[in-house]
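Read the structure below first, then the notes.
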Amino acid sequence: MRNVKKQHLPTKVCAACGRPFTWRRKWERVWSEVRYCSDKCREHVKRTRAADCGSPGESVK
Ligand SMILES: [Zn+2]
């Protein structure tokens, strides 16, 4: 007897939360570009990076 899965879907690790997530239908055309498991994570990274880019007012011009 074999233990065969119904589907063999690719997986990735979310660049934001670090959790693995599985391929979804809505990503079939952009899977190679998908880096986050959800829009929330993507927005989270955007905000974080935006904060980094803004840099604190400590830096001297
Ligand atoms: Zn995530």
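Labels for the structure tokens follow display order: chains A, B, ..., residues from 1 in each chain, ligands from 1.
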Skip Val34 in chain A itself and residues of its chain fewer than 5 positions away, then list as a PyMOL selection string all residues within 12 Å of it, counting only C-alpha atoms. chain A and resi 10-16+21-24+26-29+39+41-42
One decimal, Å: what's the distance from CA of Arg25 in chain A over to CA of Val45 in chain A, could you say?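 Taking CA of Arg25 in chain A as the start and CA of Val45 in chain A as the end point, the length is 23.1 Å.
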Pick out the closest residue to ligand 1 from this set: A:Asn3, A:Cys37, A:Pro20, A:His8. Count only C-alpha atoms and all ligand atoms.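 Closest to ligand 1, using only C-alpha atoms and all ligand atoms: A:Cys37.
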Compare A:Arg49, A:His44, A:Ser32, A:Arg19 by their minimum atom-to-atom distance to ligand 1, counting only C-alpha atoms and all ligand atoms, and give me the closest one.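 Checking each of A:Arg49, A:His44, A:Ser32, A:Arg19 against ligand 1, counting only C-alpha atoms and all ligand atoms, the winner is A:Arg19.
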I need the residue nearest ligand 1 from this list: A:Gln7, A:Ser38, A:Lys46, A:Val30. Use only C-alpha atoms and all ligand atoms for the distance.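 For ligand 1, the nearest of the candidates is A:Ser38.
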